[in-house]
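> Sharing a structure below in structure tokens format, with a few things to ask.
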Amino acid sequence: YLRGVYLVSSTGRSGRRQKDVVGLQNFAIKTPFRSYMAKEIKTLVRTPAYRKYCVVVNLIWPILVVALFNIPATADSIRAFRDTFGRGLFLADMVMLVAVIALAFFATAMNSIASTAFTREGSHISFIKHIPMTYDLQIRAKVWVSMLFSGVTIAVTTVILCIYMECSVIDSVYYVVLGILGSGICTYTGVLLDSTHPKLDWEDEYGALRGNLNAFFNMAIAIVIAIVLCVAGYLVSYAVYIIFFIIMGAILVILRSITMRRSAWNIDTDVYSY
């Protein structure tokens, strides 16, 4: 009885609920860049195929690092290497650098977020030409989305690795920044490849990922860059720390410039339709 009285009193004399007046101030105002990023993130998270192979796959790397240090088959060898690394031997430092760079390149290439940036548009690829948003801004949003997932994964995994290896705070920051630089290089390479040859003829989202050679070529290019960096670092001996920052920073800047200009040109000229 009381519930009925409360309901009648809340609905007014007419028995109908009073509607709240909704104005423009009730809507959150977002910039086009944030809205485009939100669209890309929702596509990755809400689509089962992308969520499984592009998002959840990132959890492999921190789990793998924890497992390597705790599985009996590998724990003893890694502890022995940690002791060697703690003594400051150059070769041990090189192995650590190679591990971080390999992690950055493989983790970014394996989740395929960058190398399917335009493939995910599918038959609606023309959508990106008609929305009131510049090509540079759209490409930048795709890059940032890839870096959001890949960069966070690499940063967390590298921090876990540094904790197990008992690295100092300065060394840990160095490795994290180095990993993010590697992720950025791999991201711009993947976006550039996919803007040139996107796989648009697919029936479902699983088809967009299966047989997509852009992810393969992106990983192959990442391996070549990693080998060149490691060989160059070994040859310059103890200047490797500064050289790695300079080389990777230069590669990132050059790739960003090429990717932004070339990808925008690919969209504008419909190169993917040939």
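Following the order of the structure tokens, first chain is A, next is B, and so on, with residues numbered from 1 inside each chain and ligands from 1 in the order they appear.
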Compile a residue-level contact table for region 168-194 of chain A against region 116-123 of chain A at a cut-off of 12 Å, reporting for every qualifying residue the shortest atom pair and its distance in Å to one decimal, with only C-alpha atoms counted, rows ordered by chain and ascending number, as JSON lines.

```
{"residue": "A:Thr187", "atom": "CA", "partner": "A:Ala117", "partner_atom": "CA", "distance": 9.9}
{"residue": "A:Tyr188", "atom": "CA", "partner": "A:Ala117", "partner_atom": "CA", "distance": 10.6}
{"residue": "A:Thr189", "atom": "CA", "partner": "A:Ala117", "partner_atom": "CA", "distance": 11.3}
{"residue": "A:Gly190", "atom": "CA", "partner": "A:Thr116", "partner_atom": "CA", "distance": 7.7}
{"residue": "A:Val191", "atom": "CA", "partner": "A:Ala117", "partner_atom": "CA", "distance": 6.2}
{"residue": "A:Leu192", "atom": "CA", "partner": "A:Ala117", "partner_atom": "CA", "distance": 9.4}
{"residue": "A:Leu193", "atom": "CA", "partner": "A:Thr116", "partner_atom": "CA", "distance": 9.0}
{"residue": "A:Asp194", "atom": "CA", "partner": "A:Phe118", "partner_atom": "CA", "distance": 6.0}
```
> Using only N, CA, C and O atoms, please write the residues we just selected to a file, as a PDB file, in the first residue's frame.

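again20.pdb was written with the following content:
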```
ATOM      1  N   THR A 187      54.792   0.373 -34.446  1.00  0.00           N
ATOM      2  CA  THR A 187      53.438   0.871 -34.698  1.00  0.00           C
ATOM      3  C   THR A 187      53.368   1.662 -36.003  1.00  0.00           C
ATOM      4  O   THR A 187      52.481   1.435 -36.840  1.00  0.00           O
ATOM      5  N   TYR A 188      54.287   2.588 -36.194  1.00  0.00           N
ATOM      6  CA  TYR A 188      54.272   3.393 -37.425  1.00  0.00           C
ATOM      7  C   TYR A 188      54.550   2.532 -38.655  1.00  0.00           C
ATOM      8  O   TYR A 188      53.973   2.772 -39.721  1.00  0.00           O
ATOM      9  N   THR A 189      55.392   1.517 -38.503  1.00  0.00           N
ATOM     10  CA  THR A 189      55.635   0.608 -39.626  1.00  0.00           C
ATOM     11  C   THR A 189      54.366  -0.150 -39.999  1.00  0.00           C
ATOM     12  O   THR A 189      54.017  -0.288 -41.177  1.00  0.00           O
ATOM     13  N   GLY A 190      53.650  -0.642 -38.982  1.00  0.00           N
ATOM     14  CA  GLY A 190      52.420  -1.385 -39.238  1.00  0.00           C
ATOM     15  C   GLY A 190      51.344  -0.531 -39.884  1.00  0.00           C
ATOM     16  O   GLY A 190      50.658  -0.970 -40.815  1.00  0.00           O
ATOM     17  N   VAL A 191      51.172   0.697 -39.392  1.00  0.00           N
ATOM     18  CA  VAL A 191      50.164   1.597 -39.973  1.00  0.00           C
ATOM     19  C   VAL A 191      50.521   1.935 -41.418  1.00  0.00           C
ATOM     20  O   VAL A 191      49.640   1.978 -42.297  1.00  0.00           O
ATOM     21  N   LEU A 192      51.797   2.169 -41.691  1.00  0.00           N
ATOM     22  CA  LEU A 192      52.229   2.474 -43.055  1.00  0.00           C
ATOM     23  C   LEU A 192      51.958   1.303 -43.995  1.00  0.00           C
ATOM     24  O   LEU A 192      51.443   1.492 -45.106  1.00  0.00           O
ATOM     25  N   LEU A 193      52.278   0.092 -43.557  1.00  0.00           N
ATOM     26  CA  LEU A 193      52.029  -1.089 -44.395  1.00  0.00           C
ATOM     27  C   LEU A 193      50.545  -1.281 -44.653  1.00  0.00           C
ATOM     28  O   LEU A 193      50.126  -1.573 -45.775  1.00  0.00           O
ATOM     29  N   ASP A 194      49.730  -1.108 -43.617  1.00  0.00           N
ATOM     30  CA  ASP A 194      48.300  -1.372 -43.776  1.00  0.00           C
ATOM     31  C   ASP A 194      47.604  -0.287 -44.579  1.00  0.00           C
ATOM     32  O   ASP A 194      46.598  -0.551 -45.227  1.00  0.00           O
TER      33      ASP A 194
END
```
> What parts of region 107-261 of chain A does DSSP call alpha helix (DSSP H)? I'd like the answer as a ChimeraX atom specification.
/A:107-110,127-130,135-164,169-196,205-209,213-235,240-261
> Filtering to C-alpha atoms, could you give me those residues as a compact mmCIF listing (two decimals), in the first residue's frame?

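Listing of again-v5.txt after writing:
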```txt
# COMPACT_ATOMS: atom_id res chain seq x y z
CA ALA A 107 54.45 -7.58 -28.58
CA THR A 108 53.48 -4.69 -30.86
CA ALA A 109 53.62 -6.75 -34.05
CA MET A 110 51.81 -9.75 -32.56
CA PHE A 127 34.00 6.33 -44.36
CA ILE A 128 37.34 7.85 -43.43
CA LYS A 129 37.23 10.09 -46.52
CA HIS A 130 33.84 11.62 -45.81
CA TYR A 135 43.53 12.41 -42.51
CA ASP A 136 46.44 13.28 -40.23
CA LEU A 137 44.15 13.33 -37.21
CA GLN A 138 42.60 9.97 -38.12
CA ILE A 139 46.00 8.37 -38.65
CA ARG A 140 47.24 9.83 -35.38
CA ALA A 141 44.22 8.39 -33.55
CA LYS A 142 44.93 4.93 -34.97
CA VAL A 143 48.56 5.22 -33.90
CA TRP A 144 47.62 6.32 -30.40
CA VAL A 145 45.16 3.45 -29.97
CA SER A 146 47.86 0.97 -30.92
CA MET A 147 50.33 2.65 -28.56
CA LEU A 148 47.74 2.64 -25.79
CA PHE A 149 47.48 -1.15 -25.78
CA SER A 150 51.02 -1.98 -26.88
CA GLY A 151 52.77 0.70 -24.83
CA VAL A 152 50.99 -0.18 -21.60
CA THR A 153 51.74 -3.87 -22.15
CA ILE A 154 55.42 -3.22 -22.80
CA ALA A 155 55.75 -0.80 -19.87
CA VAL A 156 54.13 -3.23 -17.40
CA THR A 157 56.10 -6.22 -18.70
CA THR A 158 59.38 -4.30 -18.63
CA VAL A 159 58.76 -3.13 -15.07
CA ILE A 160 58.09 -6.73 -13.99
CA LEU A 161 61.27 -7.85 -15.77
CA CYS A 162 63.30 -5.11 -14.07
CA ILE A 163 61.92 -6.06 -10.66
CA TYR A 164 62.95 -9.67 -11.13
CA VAL A 169 65.27 2.86 -10.80
CA ILE A 170 67.30 4.71 -13.44
CA ASP A 171 67.96 1.53 -15.40
CA SER A 172 64.28 0.55 -15.16
CA VAL A 173 63.18 3.93 -16.54
CA TYR A 174 65.75 3.57 -19.33
CA TYR A 175 64.44 0.14 -20.34
CA VAL A 176 60.80 1.27 -20.21
CA VAL A 177 61.49 4.29 -22.43
CA LEU A 178 63.53 2.12 -24.79
CA GLY A 179 60.66 -0.37 -25.03
CA ILE A 180 58.13 2.37 -25.77
CA LEU A 181 60.40 3.76 -28.49
CA GLY A 182 60.56 0.28 -30.05
CA SER A 183 56.80 -0.03 -29.84
CA GLY A 184 56.41 3.33 -31.58
CA ILE A 185 58.71 2.25 -34.42
CA CYS A 186 56.77 -0.97 -34.92
CA THR A 187 53.44 0.87 -34.70
CA TYR A 188 54.27 3.39 -37.43
CA THR A 189 55.64 0.61 -39.63
CA GLY A 190 52.42 -1.39 -39.24
CA VAL A 191 50.16 1.60 -39.97
CA LEU A 192 52.23 2.47 -43.05
CA LEU A 193 52.03 -1.09 -44.39
CA ASP A 194 48.30 -1.37 -43.78
CA SER A 195 47.52 1.99 -45.35
CA THR A 196 49.31 0.81 -48.51
CA GLU A 205 36.33 -9.99 -38.36
CA TYR A 206 38.22 -13.28 -38.11
CA GLY A 207 38.80 -13.08 -41.87
CA ALA A 208 40.34 -9.63 -41.40
CA LEU A 209 43.03 -11.16 -39.19
CA LEU A 213 50.33 -10.42 -44.52
CA ASN A 214 50.78 -6.94 -43.09
CA ALA A 215 51.23 -8.38 -39.60
CA PHE A 216 53.83 -10.83 -40.94
CA PHE A 217 55.79 -8.17 -42.82
CA ASN A 218 55.58 -5.83 -39.84
CA MET A 219 57.16 -8.49 -37.63
CA ALA A 220 59.80 -9.27 -40.27
CA ILE A 221 60.76 -5.59 -40.51
CA ALA A 222 60.83 -5.39 -36.71
CA ILE A 223 63.24 -8.34 -36.56
CA VAL A 224 65.56 -6.72 -39.12
CA ILE A 225 65.55 -3.41 -37.22
CA ALA A 226 66.22 -5.23 -33.95
CA ILE A 227 69.19 -7.11 -35.45
CA VAL A 228 70.67 -3.93 -36.91
CA LEU A 229 70.28 -2.11 -33.59
CA CYS A 230 71.82 -4.93 -31.59
CA VAL A 231 74.79 -5.32 -33.95
CA ALA A 232 75.35 -1.55 -33.95
CA GLY A 233 75.15 -1.47 -30.17
CA TYR A 234 77.63 -4.31 -29.82
CA LEU A 235 80.13 -2.63 -32.14
CA VAL A 240 75.50 1.48 -26.56
CA TYR A 241 73.11 3.18 -24.13
CA ILE A 242 73.35 6.58 -25.77
CA ILE A 243 73.56 5.12 -29.29
CA PHE A 244 70.37 3.10 -28.77
CA PHE A 245 68.45 6.20 -27.72
CA ILE A 246 69.78 8.25 -30.62
CA ILE A 247 69.21 5.59 -33.29
CA MET A 248 65.76 4.53 -32.08
CA GLY A 249 64.66 8.12 -31.58
CA ALA A 250 65.84 9.04 -35.09
CA ILE A 251 64.10 6.01 -36.62
CA LEU A 252 60.89 6.87 -34.78
CA VAL A 253 60.92 10.48 -35.98
CA ILE A 254 61.65 9.48 -39.58
CA LEU A 255 59.03 6.73 -39.60
CA ARG A 256 56.43 9.04 -38.09
CA SER A 257 57.01 11.63 -40.81
CA ILE A 258 56.89 9.04 -43.60
CA THR A 259 53.84 7.25 -42.17
CA MET A 260 51.78 10.40 -41.67
CA ARG A 261 52.48 11.74 -45.16
```
> May I ask for the distance between CA of Phe85 (chain A) and CA of Met165 (chain A), given in Å to one decimal place?
7.9 Å
> Quick one: residues within 12 Å of Ile78 (chain A), only C-alpha atoms counted, chain neighbours fewer than 3 positions away excluded, as a list in words?
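The residues that qualify are Val65, Val66, Ala67, Leu68, Phe69, Asn70, Ile71, Pro72, Ala73, Thr74, Ala75, Phe81, Arg82, Asp83, Thr84, Phe85, Ala92, Val95, Met96, Leu161, Tyr164 and Met165 of chain A.
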> Go ahead and dump the residues you just picked, C-alpha atoms, as a PDB file, in the first residue's frame.

```pdb
ATOM      1  CA  VAL A  65      57.910 -13.065 -17.729  1.00  0.00           C
ATOM      2  CA  VAL A  66      56.520 -14.129 -14.363  1.00  0.00           C
ATOM      3  CA  ALA A  67      56.421 -17.747 -15.508  1.00  0.00           C
ATOM      4  CA  LEU A  68      60.024 -17.732 -16.743  1.00  0.00           C
ATOM      5  CA  PHE A  69      61.276 -16.649 -13.342  1.00  0.00           C
ATOM      6  CA  ASN A  70      59.187 -19.213 -11.452  1.00  0.00           C
ATOM      7  CA  ILE A  71      59.086 -22.341 -13.628  1.00  0.00           C
ATOM      8  CA  PRO A  72      61.756 -24.784 -12.361  1.00  0.00           C
ATOM      9  CA  ALA A  73      62.932 -25.566 -15.909  1.00  0.00           C
ATOM     10  CA  THR A  74      64.046 -21.963 -16.503  1.00  0.00           C
ATOM     11  CA  ALA A  75      64.307 -20.401 -13.046  1.00  0.00           C
ATOM     12  CA  PHE A  81      72.039 -14.743 -15.615  1.00  0.00           C
ATOM     13  CA  ARG A  82      70.689 -12.293 -13.019  1.00  0.00           C
ATOM     14  CA  ASP A  83      73.835 -12.762 -10.949  1.00  0.00           C
ATOM     15  CA  THR A  84      75.954 -12.106 -14.044  1.00  0.00           C
ATOM     16  CA  PHE A  85      73.877  -9.058 -14.904  1.00  0.00           C
ATOM     17  CA  ALA A  92      74.825  -9.302 -19.864  1.00  0.00           C
ATOM     18  CA  VAL A  95      71.326  -9.450 -23.555  1.00  0.00           C
ATOM     19  CA  MET A  96      69.012  -7.319 -21.421  1.00  0.00           C
ATOM     20  CA  LEU A 161      61.267  -7.846 -15.766  1.00  0.00           C
ATOM     21  CA  TYR A 164      62.952  -9.670 -11.126  1.00  0.00           C
ATOM     22  CA  MET A 165      66.358  -8.601 -12.475  1.00  0.00           C
TER      23      MET A 165
END
```
> In Å, how far is it from CA of Cys54 (chain A) to CA of Ser112 (chain A)?
6.1 Å
> Please compute the CA of Gly88 (chain A)-CA of Ile101 (chain A) distance, one decimal, in Å.
19.1 Å
